[in-house]
file work-v9.txt (compact mmCIF, C-alpha atoms and all ligand atoms)
# COMPACT_ATOMS: atom_id res chain seq x y z
CA MET L 1 12.03 37.07 102.94
CA LYS L 2 15.79 37.00 102.54
CA ILE L 3 18.42 34.95 100.73
CA THR L 4 20.56 33.20 103.36
CA GLU L 5 22.90 31.08 101.24
CA VAL L 6 23.88 30.45 97.62
CA ARG L 7 25.25 26.93 97.20
CA VAL L 8 27.20 26.07 94.05
CA ILE L 9 27.32 22.34 93.36
CA VAL L 10 29.55 20.92 90.62
CA THR L 11 28.75 17.32 89.82
CA SER L 12 29.52 14.90 87.01
CA PRO L 13 26.89 12.19 86.67
CA SER L 14 27.90 11.17 83.10
CA ARG L 15 29.08 14.75 82.34
CA ASN L 16 29.72 17.96 84.28
CA TYR L 17 26.85 20.09 85.57
CA VAL L 18 26.92 23.25 87.71
CA VAL L 19 23.91 23.63 89.97
CA VAL L 20 22.92 26.77 91.90
CA LYS L 21 20.82 26.30 95.03
CA ILE L 22 19.52 29.50 96.65
CA LEU L 23 18.30 29.09 100.23
CA THR L 24 16.02 31.53 102.05
CA ASP L 25 15.11 32.34 105.64
CA GLU L 26 11.74 30.68 105.09
CA PRO L 27 12.20 27.13 106.37
CA GLY L 28 12.40 24.64 103.51
CA LEU L 29 12.04 27.28 100.78
CA TYR L 30 14.85 27.17 98.20
CA GLY L 31 15.31 27.45 94.45
CA VAL L 32 17.41 25.38 92.05
CA GLY L 33 19.02 26.70 88.87
CA ASP L 34 21.52 25.42 86.30
CA ALA L 35 24.77 27.25 85.46
CA THR L 36 26.52 24.69 83.27
CA LEU L 37 28.88 25.96 80.57
CA ASN L 38 30.37 23.04 78.66
CA GLY L 39 34.16 22.88 79.14
CA ARG L 40 34.25 26.04 81.29
CA GLU L 41 32.27 24.79 84.30
CA LEU L 42 34.76 25.85 86.97
CA SER L 43 34.99 29.43 85.64
CA VAL L 44 31.26 29.81 86.19
CA ALA L 45 31.35 28.06 89.56
CA THR L 46 34.14 30.39 90.74
CA ALA L 47 32.34 33.49 89.45
CA LEU L 48 29.27 32.40 91.38
CA GLN L 49 31.02 31.37 94.57
CA GLU L 50 33.59 34.13 94.86
CA HIS L 51 31.95 37.13 93.23
CA ILE L 52 28.20 36.77 92.88
CA ALA L 53 26.97 34.79 95.91
CA PRO L 54 28.27 37.35 98.46
CA LEU L 55 26.22 40.09 96.72
CA LEU L 56 22.99 38.14 97.17
CA ILE L 57 23.01 37.32 100.87
CA GLY L 58 20.29 39.26 102.68
CA ARG L 59 18.46 40.31 99.48
CA ASP L 60 14.78 39.66 98.82
CA PRO L 61 14.59 36.75 96.30
CA ASP L 62 11.24 38.00 95.08
CA ARG L 63 12.96 40.95 93.32
CA ILE L 64 14.16 39.02 90.29
CA GLU L 65 14.31 41.96 87.88
CA ASP L 66 16.23 44.14 90.34
CA ILE L 67 18.73 41.36 91.11
CA TRP L 68 19.14 40.72 87.35
CA GLN L 69 19.84 44.41 86.67
CA MET L 70 22.21 44.60 89.62
CA LEU L 71 24.25 41.61 88.43
CA PHE L 72 24.25 42.71 84.77
CA ARG L 73 24.56 46.50 84.84
CA GLY L 74 25.30 47.20 88.49
CA THR L 75 28.55 45.24 88.65
CA TYR L 76 30.03 46.97 85.54
CA TRP L 77 31.46 43.78 83.95
CA ARG L 78 28.71 42.27 81.89
CA GLY L 79 28.00 39.82 79.11
CA GLY L 80 30.06 36.89 77.86
CA PRO L 81 29.38 33.19 78.34
CA VAL L 82 30.78 32.87 81.89
CA LEU L 83 28.93 35.75 83.53
CA MET L 84 25.69 35.22 81.59
CA THR L 85 25.66 31.52 82.51
CA ALA L 86 26.21 32.42 86.16
CA LEU L 87 23.39 34.98 85.93
CA ALA L 88 21.12 32.38 84.30
CA GLY L 89 21.74 29.97 87.20
CA ILE L 90 20.72 32.65 89.71
CA ASP L 91 17.74 33.79 87.63
CA THR L 92 16.29 30.28 87.21
CA ALA L 93 16.70 29.55 90.93
CA LEU L 94 14.90 32.83 91.78
CA TRP L 95 11.99 31.96 89.44
CA ASP L 96 11.85 28.58 91.15
CA ILE L 97 11.52 30.29 94.55
CA LYS L 98 8.87 32.71 93.24
CA GLY L 99 6.83 29.82 91.85
CA LYS L 100 7.10 27.76 95.02
CA ARG L 101 6.08 30.75 97.12
CA ALA L 102 3.08 31.46 94.91
CA GLY L 103 2.17 27.77 94.72
CA LEU L 104 2.27 28.02 90.90
CA PRO L 105 4.36 26.50 88.10
CA VAL L 106 6.63 29.09 86.49
CA TYR L 107 4.75 28.94 83.13
CA SER L 108 1.75 30.29 85.01
CA LEU L 109 3.75 33.26 86.32
CA LEU L 110 5.00 33.92 82.77
CA GLY L 111 1.48 34.47 81.50
CA GLY L 112 -0.03 31.00 81.60
CA LYS L 113 -0.25 28.22 79.04
CA THR L 114 -0.76 29.05 75.38
CA ARG L 115 -0.45 25.37 74.41
CA GLU L 116 -0.73 21.90 75.91
CA GLY L 117 2.81 20.75 75.10
CA ALA L 118 6.03 22.01 73.51
CA LEU L 119 6.78 20.56 70.05
CA ALA L 120 10.11 18.78 70.52
CA TYR L 121 12.95 17.91 68.19
CA THR L 122 15.61 15.25 68.49
CA HIS L 123 18.80 14.40 66.61
CA ALA L 124 19.41 11.73 63.97
CA GLY L 125 22.84 10.91 62.61
CA GLY L 126 24.90 8.25 60.89
CA ARG L 127 27.93 7.38 58.80
CA ASP L 128 26.04 7.67 55.51
CA CYS L 129 22.58 8.50 54.10
CA ILE L 130 21.26 5.01 54.79
CA GLU L 131 22.26 5.10 58.45
CA VAL L 132 20.77 8.57 58.86
CA GLU L 133 17.57 7.37 57.16
CA ASP L 134 17.36 4.43 59.60
CA ASP L 135 17.88 6.74 62.54
CA VAL L 136 15.25 9.20 61.23
CA ARG L 137 12.78 6.33 60.89
CA SER L 138 13.43 5.16 64.45
CA LYS L 139 12.93 8.72 65.78
CA MET L 140 9.70 8.97 63.76
CA ALA L 141 8.58 5.71 65.40
CA ASP L 142 9.24 7.40 68.78
CA GLY L 143 6.68 10.03 67.78
CA PHE L 144 8.99 12.88 66.77
CA LYS L 145 7.55 15.32 64.25
CA VAL L 146 10.72 17.41 63.86
CA ILE L 147 14.16 15.81 63.45
CA ARG L 148 17.65 17.27 63.01
CA ALA L 149 19.72 15.23 60.54
CA GLN L 150 23.55 15.19 60.52
CA CYS L 151 25.78 12.91 58.46
CA ALA L 152 29.44 11.90 58.46
CA ILE L 153 31.27 13.64 55.61
CA PRO L 154 33.51 11.49 53.40
CA GLY L 155 37.09 12.65 53.78
CA ASN L 156 36.35 14.71 56.91
CA VAL L 157 37.59 12.83 59.97
CA GLY L 158 34.82 12.95 62.54
CA THR L 159 31.75 15.04 61.85
CA TYR L 160 29.76 17.11 64.30
CA GLY L 161 26.47 15.43 65.16
CA ALA L 162 26.96 12.33 62.99
CA GLY L 163 26.77 10.30 66.17
CA GLY L 164 28.14 6.99 67.39
CA GLU L 165 31.31 5.67 65.80
CA ALA L 166 31.41 8.38 63.17
CA GLU L 167 31.94 10.99 65.87
CA ALA L 168 34.09 8.83 68.12
CA ALA L 169 36.51 8.34 65.23
CA SER L 170 37.26 12.04 65.38
CA ALA L 171 39.11 11.63 68.63
CA ARG L 172 41.66 9.44 66.91
CA TRP L 173 42.73 12.09 64.40
CA ALA L 174 43.83 13.93 67.50
CA SER L 175 46.67 11.53 68.11
CA ALA L 176 48.53 13.15 65.21
CA GLU L 177 48.21 16.51 66.95
CA PRO L 178 50.92 17.71 69.29
CA GLY L 179 49.38 18.25 72.72
CA SER L 180 46.12 16.58 71.88
CA THR L 181 46.82 13.25 73.54
CA TRP L 182 46.04 12.41 77.13
CA GLY L 183 48.51 14.33 79.29
CA ASP L 184 49.24 14.82 82.98
CA GLY L 185 46.62 17.52 83.24
CA GLY L 186 43.77 15.27 82.10
CA PRO L 187 42.16 14.65 78.73
CA MET L 188 42.84 17.19 76.01
CA PRO L 189 40.32 18.10 73.29
CA SER L 190 39.80 15.72 70.42
CA VAL L 191 40.41 17.30 67.01
CA GLU L 192 38.19 16.80 64.01
CA GLN L 193 39.20 17.49 60.42
CA TRP L 194 36.77 19.52 58.37
CA GLU L 195 36.76 20.80 54.79
CA PRO L 196 33.89 22.78 53.23
CA GLY L 197 34.02 21.11 49.79
CA PRO L 198 32.98 17.58 50.79
CA TYR L 199 30.51 19.03 53.31
CA LEU L 200 28.76 21.21 50.72
CA ARG L 201 28.46 18.22 48.38
CA THR L 202 27.21 15.77 51.03
CA ILE L 203 24.45 17.70 52.83
CA PRO L 204 22.17 18.42 49.83
CA ALA L 205 22.59 14.75 48.79
CA LEU L 206 21.62 13.68 52.33
CA PHE L 207 18.38 15.67 52.28
CA ALA L 208 17.56 14.54 48.71
CA HIS L 209 17.92 10.97 49.95
CA LEU L 210 15.80 11.60 53.06
CA ARG L 211 12.97 13.26 51.13
CA ASN L 212 13.00 10.41 48.60
CA THR L 213 12.84 7.76 51.27
CA VAL L 214 11.01 9.10 54.34
CA GLY L 215 8.77 11.52 52.44
CA ASN L 216 7.72 15.12 52.92
CA GLU L 217 5.55 15.02 56.01
CA ILE L 218 8.27 14.75 58.61
CA GLU L 219 9.93 18.09 59.43
CA LEU L 220 13.69 17.86 58.88
CA PHE L 221 16.51 20.29 59.44
CA HIS L 222 20.29 20.59 59.77
CA ASP L 223 22.82 22.27 62.09
CA VAL L 224 25.80 23.79 60.22
CA HIS L 225 27.48 24.62 63.54
CA GLU L 226 28.84 28.01 62.43
CA ARG L 227 31.32 26.62 59.88
CA LEU L 228 30.54 28.26 56.56
CA THR L 229 31.43 31.59 55.03
CA PRO L 230 28.38 33.69 54.13
CA ILE L 231 28.53 32.80 50.43
CA GLN L 232 29.04 29.08 51.17
CA ALA L 233 26.05 29.24 53.52
CA ALA L 234 24.01 30.96 50.79
CA ARG L 235 24.90 28.16 48.35
CA LEU L 236 23.93 25.46 50.82
CA ALA L 237 20.66 27.12 51.87
CA LYS L 238 19.72 27.60 48.19
CA GLU L 239 20.53 24.02 47.24
CA LEU L 240 18.45 22.77 50.18
CA GLU L 241 15.34 24.70 49.10
CA PRO L 242 13.70 21.78 47.24
CA PHE L 243 13.82 19.71 50.46
CA HIS L 244 11.86 22.24 52.56
CA LEU L 245 13.87 22.28 55.74
CA PHE L 246 12.18 23.35 58.96
CA PHE L 247 15.23 25.61 59.32
CA LEU L 248 18.96 25.71 58.68
CA GLU L 249 20.74 26.23 61.99
CA ASP L 250 23.77 28.42 62.73
CA CYS L 251 25.05 28.73 59.15
CA ILE L 252 27.77 31.26 59.88
CA ARG L 253 29.91 32.39 62.79
CA PRO L 254 28.20 34.55 65.42
CA GLU L 255 30.33 37.68 65.30
CA HIS L 256 29.48 39.61 62.12
CA LYS L 257 25.72 39.59 62.14
CA GLU L 258 25.45 41.83 59.07
CA SER L 259 26.51 38.79 57.00
CA PHE L 260 22.99 37.46 57.46
CA ARG L 261 21.84 40.18 55.05
CA LEU L 262 23.87 38.58 52.27
CA LEU L 263 22.65 35.12 53.17
CA ARG L 264 19.01 36.13 53.40
CA GLN L 265 19.00 37.67 49.91
CA HIS L 266 19.85 34.33 48.37
CA THR L 267 17.42 31.88 49.89
CA THR L 268 13.95 31.09 51.17
CA THR L 269 15.24 28.30 53.45
CA PRO L 270 14.22 29.41 56.97
CA LEU L 271 17.19 30.39 59.13
CA ALA L 272 17.84 29.87 62.86
CA MET L 273 20.63 31.33 64.99
CA GLY L 274 21.52 32.12 68.57
CA GLU L 275 23.13 29.44 70.75
CA LEU L 276 26.36 31.48 70.90
CA PHE L 277 24.66 34.77 71.78
CA HIS L 278 24.89 36.07 75.32
CA THR L 279 22.71 39.16 75.44
CA ARG L 280 19.52 40.38 73.84
CA TRP L 281 21.48 43.05 71.96
CA GLU L 282 23.11 40.35 69.86
CA CYS L 283 19.71 38.96 68.91
CA VAL L 284 17.87 42.20 68.25
CA PRO L 285 19.39 43.23 64.87
CA LEU L 286 18.69 39.80 63.39
CA ILE L 287 15.13 39.92 64.70
CA THR L 288 14.18 43.48 63.82
CA GLU L 289 15.62 43.18 60.30
CA GLN L 290 13.83 39.81 59.93
CA LEU L 291 17.10 38.16 58.92
CA ILE L 292 16.25 34.96 60.78
CA ASP L 293 13.05 32.98 61.36
CA TYR L 294 13.95 31.28 64.65
CA ILE L 295 15.88 32.71 67.57
CA ARG L 296 17.56 29.85 69.38
CA CYS L 297 19.48 31.28 72.31
CA ASP L 298 20.45 29.13 75.23
CA ILE L 299 18.38 30.30 78.20
CA GLY L 300 21.17 28.98 80.40
CA HIS L 301 23.82 31.11 78.67
CA ILE L 302 21.91 34.34 78.10
CA GLY L 303 20.95 35.29 81.63
CA GLY L 304 17.99 33.01 82.24
CA ILE L 305 14.23 33.22 81.92
CA THR L 306 14.12 36.98 82.56
CA GLU L 307 16.27 37.77 79.52
CA ALA L 308 14.85 35.04 77.28
CA GLN L 309 11.28 36.24 77.86
CA LYS L 310 12.27 39.76 76.76
CA ILE L 311 13.97 38.39 73.62
CA ALA L 312 10.92 36.28 72.82
CA HIS L 313 8.59 39.26 73.18
CA ILE L 314 10.72 41.37 70.84
CA ALA L 315 10.79 38.44 68.39
CA GLU L 316 7.00 38.08 68.49
CA THR L 317 6.63 41.59 67.07
CA PHE L 318 8.70 40.62 64.02
CA TYR L 319 7.15 37.17 63.38
CA VAL L 320 10.28 35.39 64.59
CA SER L 321 9.68 32.19 66.59
CA THR L 322 11.70 30.65 69.41
CA ALA L 323 13.74 27.45 69.27
CA TRP L 324 15.72 27.52 72.54
CA HIS L 325 18.93 25.51 72.60
CA GLY L 326 18.47 22.25 74.54
CA PRO L 327 21.57 20.02 74.29
CA GLY L 328 22.81 17.42 76.79
CA ASP L 329 25.47 19.78 78.10
CA ILE L 330 23.03 22.00 79.97
CA GLY L 331 21.30 20.75 83.09
CA PRO L 332 17.69 19.70 83.71
CA ALA L 333 16.80 23.05 85.33
CA THR L 334 17.54 24.90 82.05
CA HIS L 335 15.63 22.26 80.07
CA ALA L 336 12.69 22.81 82.40
CA ALA L 337 13.04 26.60 82.09
CA ASN L 338 12.90 26.14 78.29
CA VAL L 339 9.61 24.30 78.53
CA HIS L 340 8.04 26.75 81.02
CA LEU L 341 8.74 29.51 78.50
CA ASP L 342 7.66 27.38 75.53
CA LEU L 343 4.30 26.71 77.14
CA SER L 344 3.67 30.38 77.83
CA LEU L 345 4.93 32.09 74.66
CA ALA L 346 2.67 32.93 71.72
CA ASN L 347 5.63 32.74 69.32
CA PHE L 348 7.11 29.43 70.48
CA GLY L 349 8.45 27.45 67.51
CA VAL L 350 10.17 24.21 68.53
CA GLN L 351 12.21 22.85 71.44
CA GLU L 352 15.46 20.87 71.22
CA MET L 353 15.53 18.02 73.73
CA VAL L 354 17.75 15.21 74.97
CA LYS L 355 17.08 12.03 76.89
CA PHE L 356 19.24 12.24 80.00
CA PRO L 357 20.87 9.04 81.30
CA GLU L 358 19.16 7.54 84.36
CA VAL L 359 21.94 8.71 86.67
CA VAL L 360 21.24 12.36 85.75
CA HIS L 361 17.57 11.89 86.67
CA GLU L 362 18.69 10.52 90.04
CA VAL L 363 21.11 13.35 90.84
CA LEU L 364 19.10 16.16 89.22
CA PRO L 365 15.46 15.04 89.21
CA GLY L 366 12.59 16.79 87.46
CA ALA L 367 13.64 17.18 83.80
CA PRO L 368 10.76 17.77 81.35
CA THR L 369 8.92 14.67 80.20
CA TYR L 370 8.53 13.62 76.56
CA GLN L 371 5.44 12.05 75.02
CA ASN L 372 4.63 11.50 71.37
CA GLY L 373 6.51 14.48 69.96
CA TYR L 374 5.84 16.95 72.78
CA LEU L 375 7.54 18.03 76.00
CA ASN L 376 5.88 18.96 79.22
CA VAL L 377 6.67 19.97 82.80
CA ALA L 378 4.83 18.99 85.96
CA ASP L 379 2.11 21.27 87.33
CA THR L 380 4.02 21.51 90.61
CA PRO L 381 5.05 24.94 91.98
CA GLY L 382 8.27 26.46 90.67
CA ILE L 383 10.54 25.09 87.93
CA GLY L 384 10.08 21.49 89.04
CA THR L 385 13.71 20.36 89.23
CA ASP L 386 15.87 19.59 92.26
CA VAL L 387 19.33 18.40 93.26
CA ASN L 388 20.17 15.39 95.43
CA GLU L 389 23.23 16.89 97.09
CA GLU L 390 24.40 13.72 98.77
CA LEU L 391 24.33 11.79 95.50
CA ALA L 392 25.84 14.72 93.59
CA SER L 393 28.89 14.61 95.86
CA LYS L 394 29.55 11.03 94.71
CA TYR L 395 30.17 12.27 91.14
CA PRO L 396 33.05 14.78 91.35
CA TYR L 397 34.01 17.13 88.52
CA GLU L 398 36.02 15.61 85.68
CA ARG L 399 37.88 17.94 83.35
CA ALA L 400 36.52 17.69 79.81
CA TYR L 401 36.77 19.79 76.69
CA LEU L 402 34.65 20.39 73.64
CA PRO L 403 36.25 18.98 70.48
CA MET L 404 38.24 21.24 68.16
CA SER L 405 38.34 21.32 64.39
CA ARG L 406 41.13 21.89 61.87
CA ARG L 407 41.32 22.16 58.08
CA ALA L 408 43.24 19.53 56.07
CA ASP L 409 46.27 21.84 56.07
CA GLY L 410 46.24 21.97 59.86
CA SER L 411 44.80 25.49 60.30
CA VAL L 412 42.11 26.16 62.89
CA MET L 413 38.48 25.75 61.90
CA ASP L 414 35.35 26.54 63.91
CA TRP L 415 34.07 23.48 65.71
O1 LIG L 501 28.44 22.80 74.11
C1 LIG L 501 28.17 22.93 72.74
C2 LIG L 501 26.89 22.20 72.39
O2 LIG L 501 25.85 22.61 73.21
C3 LIG L 501 26.50 22.40 70.95
O3 LIG L 501 27.52 21.91 70.14
C4 LIG L 501 25.20 21.69 70.64
O4 LIG L 501 24.99 22.86 68.55
C5 LIG L 501 24.47 22.24 69.45
C6 LIG L 501 23.03 22.00 69.38
O5 LIG L 501 22.42 22.56 68.49
O6 LIG L 501 22.50 21.26 70.23
MG MG L 502 23.49 23.91 67.31
call {"tool": "encode", "arguments": {"input": "work-v9.txt", "output": "structure tokens"}}
result
Amino acid sequence: MKITEVRVIVTSPSRNYVVVKILTDEPGLYGVGDATLNGRELSVATALQEHIAPLLIGRDPDRIEDIWQMLFRGTYWRGGPVLMTALAGIDTALWDIKGKRAGLPVYSLLGGKTREGALAYTHAGGRDCIEVEDDVRSKMADGFKVIRAQCAIPGNVGTYGAGGEAEAASARWASAEPGSTWGDGGPMPSVEQWEPGPYLRTIPALFAHLRNTVGNEIELFHDVHERLTPIQAARLAKELEPFHLFFLEDCIRPEHKESFRLLRQHTTTPLAMGELFHTRWECVPLITEQLIDYIRCDIGHIGGITEAQKIAHIAETFYVSTAWHGPGDIGPATHAANVHLDLSLANFGVQEMVKFPEVVHEVLPGAPTYQNGYLNVADTPGIGTDVNEELASKYPYERAYLPMSRRADGSVMDW
């Protein structure tokens, strides 16, 4: 069997997605992967089209490990979000082909089911504690057992994850920013304002309120989004201890991993990290030193199922669980890959999920299904997702950026 074509499809049904379709010389046999990198979609599409696809034509798609090694080590330039997202798109499509050929769902090829469904988490947000409480209650009514809670911060214009109007307001602060209005080249990033002081006062108060009102049984947690210094993160994690978070996500920036040693010494709040990592070597020190409790890489940005399975197996040895990243800005094929791994891993922890708009289901069918707190994938061969190419072509790429963040004095902050 040989690869005959690698099609790269960029489509924007509600937001941009990059889809990889690998065709083979076996009639009707193809695989579909996702190579979406939020705000950098065309870099990945170009890397795939111009540099990677030509290397794959004529190769045996069954040799996933060899193709992975060739694209990672064999081409000299390795790592980074663009290349590892491209590699993930190829990897997922190859697993899809392998599953279809074997007549088995991918979770079966990964070792078979260890559980009947993947414990899912969703997001709750609001402008204040009361709104977040209402949102948490409505997510509990939907059956969720684990919920991420984010809240608008008084004095900070626009807050990551607060949702609805609270987040939309952030875009307006941008109008004071030179170059951040709508220009000839398309929309420019919105700019949020963020200060640590109000944030560090608000979040413990939010979780005190939630525990007082919704009780202790529901699992709650919070995403810091890499904004604190190590000692600020230590303070927050310590102050959150009485509220028993499921975990505290991405407390500090991803570069200086040794800072987790400082953080860990101060708190028993479980820690999660990983959506900005791009190779297993970034994860390994945190895992082997047991500096985190959950590794939450993005399968779609770390080279796909092949790499994520290796990371998960290393993590299992050190009692670290998985919590793969699953936001709306990665495509259904990566969400499905998440769940195939979740179902097969002994050390699965929790799975982030989104509800895609109907139009995404039409263009990219086959996303995992949610029921009463758990995610599942169909028992059909392969990954289970597809692309409707004709419909995809009706939703052309639209340039879009992630927001940015600045301090009150105008200096750059991590978003
Ligand atoms: O593109 C960036 C998003 O995927 C990220 O901001 C979402 O932090 C995120 C999460 O935990 O879902
Ligand atoms: Mg996050």
call {"tool": "residues_near_ligand", "arguments": {"input": "work-v9.txt", "ligand": "ligand LIG 501 (chain L)", "cutoff": "8 Å", "atoms": "all atoms listed in the file", "output": "list in words"}}
result
Leu37, Asn38, Gly39, Tyr160, Asp223, His225, Glu249, Glu275, His325, Gly326, Pro327, Gly328, Asp329, Ile330, Glu352 and Leu402 of chain L
call {"tool": "closest_atom_pairs", "arguments": {"input": "work-v9.txt", "of": "chain L", "to": "ligand MG 502 (chain L)", "cutoff": "12 Å", "atoms": "all atoms listed in the file", "output": "Markdown table"}}
result
| residue | atom | partner | partner_atom | distance |
| --- | --- | --- | --- | --- |
| L:Thr122 | CA | L:MG502 | MG | 11.8 |
| L:His123 | CA | L:MG502 | MG | 10.6 |
| L:Arg148 | CA | L:MG502 | MG | 9.8 |
| L:Ala149 | CA | L:MG502 | MG | 11.6 |
| L:Gln150 | CA | L:MG502 | MG | 11.1 |
| L:Tyr160 | CA | L:MG502 | MG | 9.7 |
| L:Gly161 | CA | L:MG502 | MG | 9.2 |
| L:Phe221 | CA | L:MG502 | MG | 11.1 |
| L:His222 | CA | L:MG502 | MG | 8.8 |
| L:Asp223 | CA | L:MG502 | MG | 5.5 |
| L:Val224 | CA | L:MG502 | MG | 7.5 |
| L:His225 | CA | L:MG502 | MG | 5.5 |
| L:Glu226 | CA | L:MG502 | MG | 8.3 |
| L:Arg227 | CA | L:MG502 | MG | 11.1 |
| L:Phe247 | CA | L:MG502 | MG | 11.6 |
| L:Leu248 | CA | L:MG502 | MG | 9.9 |
| L:Glu249 | CA | L:MG502 | MG | 6.4 |
| L:Asp250 | CA | L:MG502 | MG | 6.4 |
| L:Cys251 | CA | L:MG502 | MG | 9.6 |
| L:Ile252 | CA | L:MG502 | MG | 11.3 |
| L:Arg253 | CA | L:MG502 | MG | 11.6 |
| L:Pro254 | CA | L:MG502 | MG | 11.8 |
| L:Ala272 | CA | L:MG502 | MG | 9.3 |
| L:Met273 | CA | L:MG502 | MG | 8.3 |
| L:Gly274 | CA | L:MG502 | MG | 8.5 |
| L:Glu275 | CA | L:MG502 | MG | 6.5 |
| L:Leu276 | CA | L:MG502 | MG | 8.9 |
| L:Phe277 | CA | L:MG502 | MG | 11.8 |
| L:Ile295 | CA | L:MG502 | MG | 11.6 |
| L:Arg296 | CA | L:MG502 | MG | 8.6 |
| L:Cys297 | CA | L:MG502 | MG | 9.8 |
| L:Asp298 | CA | L:MG502 | MG | 10.0 |
| L:Ala323 | CA | L:MG502 | MG | 10.6 |
| L:Trp324 | CA | L:MG502 | MG | 10.0 |
| L:His325 | CA | L:MG502 | MG | 7.2 |
| L:Gly326 | CA | L:MG502 | MG | 9.0 |
| L:Pro327 | CA | L:MG502 | MG | 8.2 |
| L:Gly328 | CA | L:MG502 | MG | 11.5 |
| L:Asp329 | CA | L:MG502 | MG | 11.7 |
| L:Glu352 | CA | L:MG502 | MG | 9.4 |
| L:Met353 | CA | L:MG502 | MG | 11.8 |
| L:Trp415 | CA | L:MG502 | MG | 10.7 |
call {"tool": "closest_residue", "arguments": {"input": "work-v9.txt", "among": "L:Thr317, L:Thr46, L:Thr229, L:Ser108", "to": "Trp95 (chain L)", "atoms": "all atoms listed in the file"}}
result
L:Ser108
call {"tool": "residues_around", "arguments": {"input": "work-v9.txt", "residues": "region 403-412 of chain L", "least_positions_apart": "6", "cutoff": "6 Å", "atoms": "all atoms listed in the file", "output": "list in words"}}
result
Pro189, Ser190, Val191, Glu192, Gln193, Trp194 and Glu195 of chain L
call {"tool": "residues_around", "arguments": {"input": "work-v9.txt", "residues": "Lys257 (chain L)", "least_positions_apart": "4", "cutoff": "10 Å", "atoms": "all atoms listed in the file", "output": "number ranges by chain"}}
result
L: 252-253, 261, 282-283, 285-286, 291
call {"tool": "residues_around", "arguments": {"input": "work-v9.txt", "residues": "region 101-103 of chain L", "least_positions_apart": "4", "cutoff": "8 Å", "atoms": "all atoms listed in the file", "output": "number ranges by chain"}}
result
L: 29, 97, 380-382
call {"tool": "atom_distance", "arguments": {"input": "work-v9.txt", "atom1": "CA of Leu83 (chain L)", "atom2": "CA of Ala47 (chain L)"}}
result
7.2 Å
call {"tool": "atom_distance", "arguments": {"input": "work-v9.txt", "atom1": "CA of Ala45 (chain L)", "atom2": "CA of Phe356 (chain L)"}}
result
22.1 Å
call {"tool": "residues_around", "arguments": {"input": "work-v9.txt", "residues": "Lys355 (chain L)", "least_positions_apart": "3", "cutoff": "10 Å", "atoms": "all atoms listed in the file", "output": "list in words"}}
result
Thr122, Pro327, Gly328, Glu358, Val360, His361, Ala367, Pro368, Thr369 and Tyr370 of chain L
